[in-house]
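Right, one structure below, let's go through it.
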Amino acid sequence: MALQTRYLFTASMDVEAAQEKLFNEVYDTEHVPLLLKVPGVIAVARLKKTTLTMIIGGEKKTIVAENEPTYSATYEIESPDVLTSPGWGAAVDQGRWPGQVRPFTKNRRHVLYQRILP
């Protein structure tokens with residue numbers, strides 16, 4: 001994986017089933033495009049948890065990640081300061097996200113990672 005910066009920020013969450021279609025529509029068509037305009041945001045990838053089967057110690061195992069959120073977005077950012085910038089603050093509260101989507105999310109996790117290799 002070729003990262004352009006040293007920092008990744010992840011926002012992970014579940015959403016109430018009745019709001020899932022709206023959640024995905026707003027995330028893809030409004031939320032991500034707004035955040036990509038924030039200075040210092042390089043790229044965004046959206047992910048959905050799926051079944052994991054792998055070989056560990058010579059044995060095939062299915063791993064169940066209990067209580068892990070279903071949806072994640074990974075943001076490649078130039079520095080942690082991006083997350084406290086006026087641009088970020090404005091972008092996360094624009095569009096339908098704050099009023100029509102955010103109230104229906106749960107099990108939210110926000111994590112900042114710093115690349116250590118290469």
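So you can find residues: chains in the structure tokens are A, B, ... in the order shown, residues in each start at 1, and ligands are numbered from 1 in order.
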Distance query region 46-57 of chain A at most 12 Å, only C-alpha atoms, self and fewer than 2 positions along chain excluded, as a PyMOL selection string: chain A and resi 9-15+24+27-28+31-32+43-44+59-76
Selection to disk with N, CA and C atoms, as a CSV table (one decimal), in the first residue's frame:
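The resulting result.csv:
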```
chain,number,residue,atom,x,y,z
A,9,PHE,N,-6.6,8.6,9.4
A,9,PHE,CA,-7.7,8.8,10.4
A,9,PHE,C,-8.8,7.8,10.0
A,10,THR,N,-9.4,7.1,10.9
A,10,THR,CA,-10.5,6.3,10.6
A,10,THR,C,-11.7,6.7,11.4
A,11,ALA,N,-12.8,6.7,10.8
A,11,ALA,CA,-14.1,6.9,11.4
A,11,ALA,C,-15.0,5.7,11.1
A,12,SER,N,-15.3,5.0,12.2
A,12,SER,CA,-16.1,3.7,12.0
A,12,SER,C,-17.4,3.8,12.8
A,13,MET,N,-18.4,3.2,12.3
A,13,MET,CA,-19.7,3.2,12.9
A,13,MET,C,-20.7,2.2,12.4
A,14,ASP,N,-21.7,2.0,13.1
A,14,ASP,CA,-22.9,1.3,12.6
A,14,ASP,C,-24.0,2.3,12.4
A,15,VAL,N,-25.0,1.9,11.7
A,15,VAL,CA,-26.2,2.8,11.4
A,15,VAL,C,-27.4,2.0,11.6
A,24,ASN,N,-25.5,5.6,3.3
A,24,ASN,CA,-24.6,5.4,2.2
A,24,ASN,C,-24.7,6.4,1.1
A,27,TYR,N,-23.1,9.7,2.6
A,27,TYR,CA,-21.7,9.5,2.8
A,27,TYR,C,-21.0,9.6,1.5
A,28,ASP,N,-21.5,8.9,0.5
A,28,ASP,CA,-20.8,8.9,-0.8
A,28,ASP,C,-21.0,10.2,-1.7
A,31,HIS,N,-20.8,13.8,2.1
A,31,HIS,CA,-19.9,13.8,3.2
A,31,HIS,C,-18.4,13.7,2.7
A,32,VAL,N,-18.2,12.6,1.9
A,32,VAL,CA,-16.8,12.4,1.4
A,32,VAL,C,-16.4,13.6,0.5
A,43,ALA,N,-6.9,11.7,0.6
A,43,ALA,CA,-7.7,10.6,0.0
A,43,ALA,C,-8.7,10.1,1.0
A,44,VAL,N,-9.7,9.5,0.5
A,44,VAL,CA,-10.7,8.8,1.4
A,44,VAL,C,-11.1,7.5,0.8
A,59,GLU,N,-3.9,-23.6,10.3
A,59,GLU,CA,-5.3,-24.0,10.5
A,59,GLU,C,-6.2,-22.9,9.9
A,60,LYS,N,-7.2,-23.3,9.1
A,60,LYS,CA,-8.1,-22.3,8.5
A,60,LYS,C,-9.1,-21.9,9.5
A,61,LYS,N,-9.3,-20.6,9.8
A,61,LYS,CA,-10.2,-20.1,10.8
A,61,LYS,C,-11.0,-19.0,10.2
A,62,THR,N,-12.3,-18.9,10.7
A,62,THR,CA,-13.1,-17.8,10.4
A,62,THR,C,-13.1,-16.9,11.7
A,63,ILE,N,-12.7,-15.7,11.5
A,63,ILE,CA,-12.6,-14.7,12.6
A,63,ILE,C,-13.9,-13.9,12.7
A,64,VAL,N,-14.4,-13.8,13.9
A,64,VAL,CA,-15.6,-13.0,14.1
A,64,VAL,C,-15.2,-11.8,14.9
A,65,ALA,N,-15.3,-10.7,14.3
A,65,ALA,CA,-14.9,-9.4,14.9
A,65,ALA,C,-16.2,-8.8,15.6
A,66,GLU,N,-16.4,-9.3,16.8
A,66,GLU,CA,-17.6,-8.9,17.6
A,66,GLU,C,-17.5,-7.4,18.0
A,67,ASN,N,-18.6,-6.8,17.9
A,67,ASN,CA,-18.7,-5.4,18.3
A,67,ASN,C,-17.9,-4.4,17.5
A,68,GLU,N,-17.3,-4.8,16.4
A,68,GLU,CA,-16.6,-3.9,15.5
A,68,GLU,C,-17.7,-3.3,14.6
A,69,PRO,N,-17.6,-2.0,14.4
A,69,PRO,CA,-18.5,-1.3,13.5
A,69,PRO,C,-18.6,-1.9,12.1
A,70,THR,N,-19.7,-1.8,11.4
A,70,THR,CA,-19.9,-2.3,10.1
A,70,THR,C,-19.2,-1.5,9.0
A,71,TYR,N,-19.3,-0.1,9.2
A,71,TYR,CA,-18.8,0.8,8.2
A,71,TYR,C,-17.5,1.5,8.7
A,72,SER,N,-16.6,1.7,7.8
A,72,SER,CA,-15.4,2.6,8.2
A,72,SER,C,-15.0,3.4,7.0
A,73,ALA,N,-14.5,4.6,7.3
A,73,ALA,CA,-13.9,5.5,6.3
A,73,ALA,C,-12.5,5.8,6.8
A,74,THR,N,-11.6,5.6,5.8
A,74,THR,CA,-10.2,5.9,6.1
A,74,THR,C,-9.8,7.1,5.4
A,75,TYR,N,-9.3,8.1,6.1
A,75,TYR,CA,-8.9,9.4,5.5
A,75,TYR,C,-7.3,9.5,5.6
A,76,GLU,N,-6.7,9.7,4.5
A,76,GLU,CA,-5.3,9.9,4.4
A,76,GLU,C,-5.1,11.5,4.6
```
Kindly give the distance, in Å, that separates CA of Ala17 (chain A) and CA of Val101 (chain A), rounded to a single decimal.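 Computed distance, CA of Ala17 (chain A) to CA of Val101 (chain A), equals 11.7 Å.
Distances to Trp97 (chain A) were evaluated for A:Tyr113, A:Ala18, A:Leu34, A:Ala2 using only C-alpha atoms, and the minimum falls at A:Leu34.
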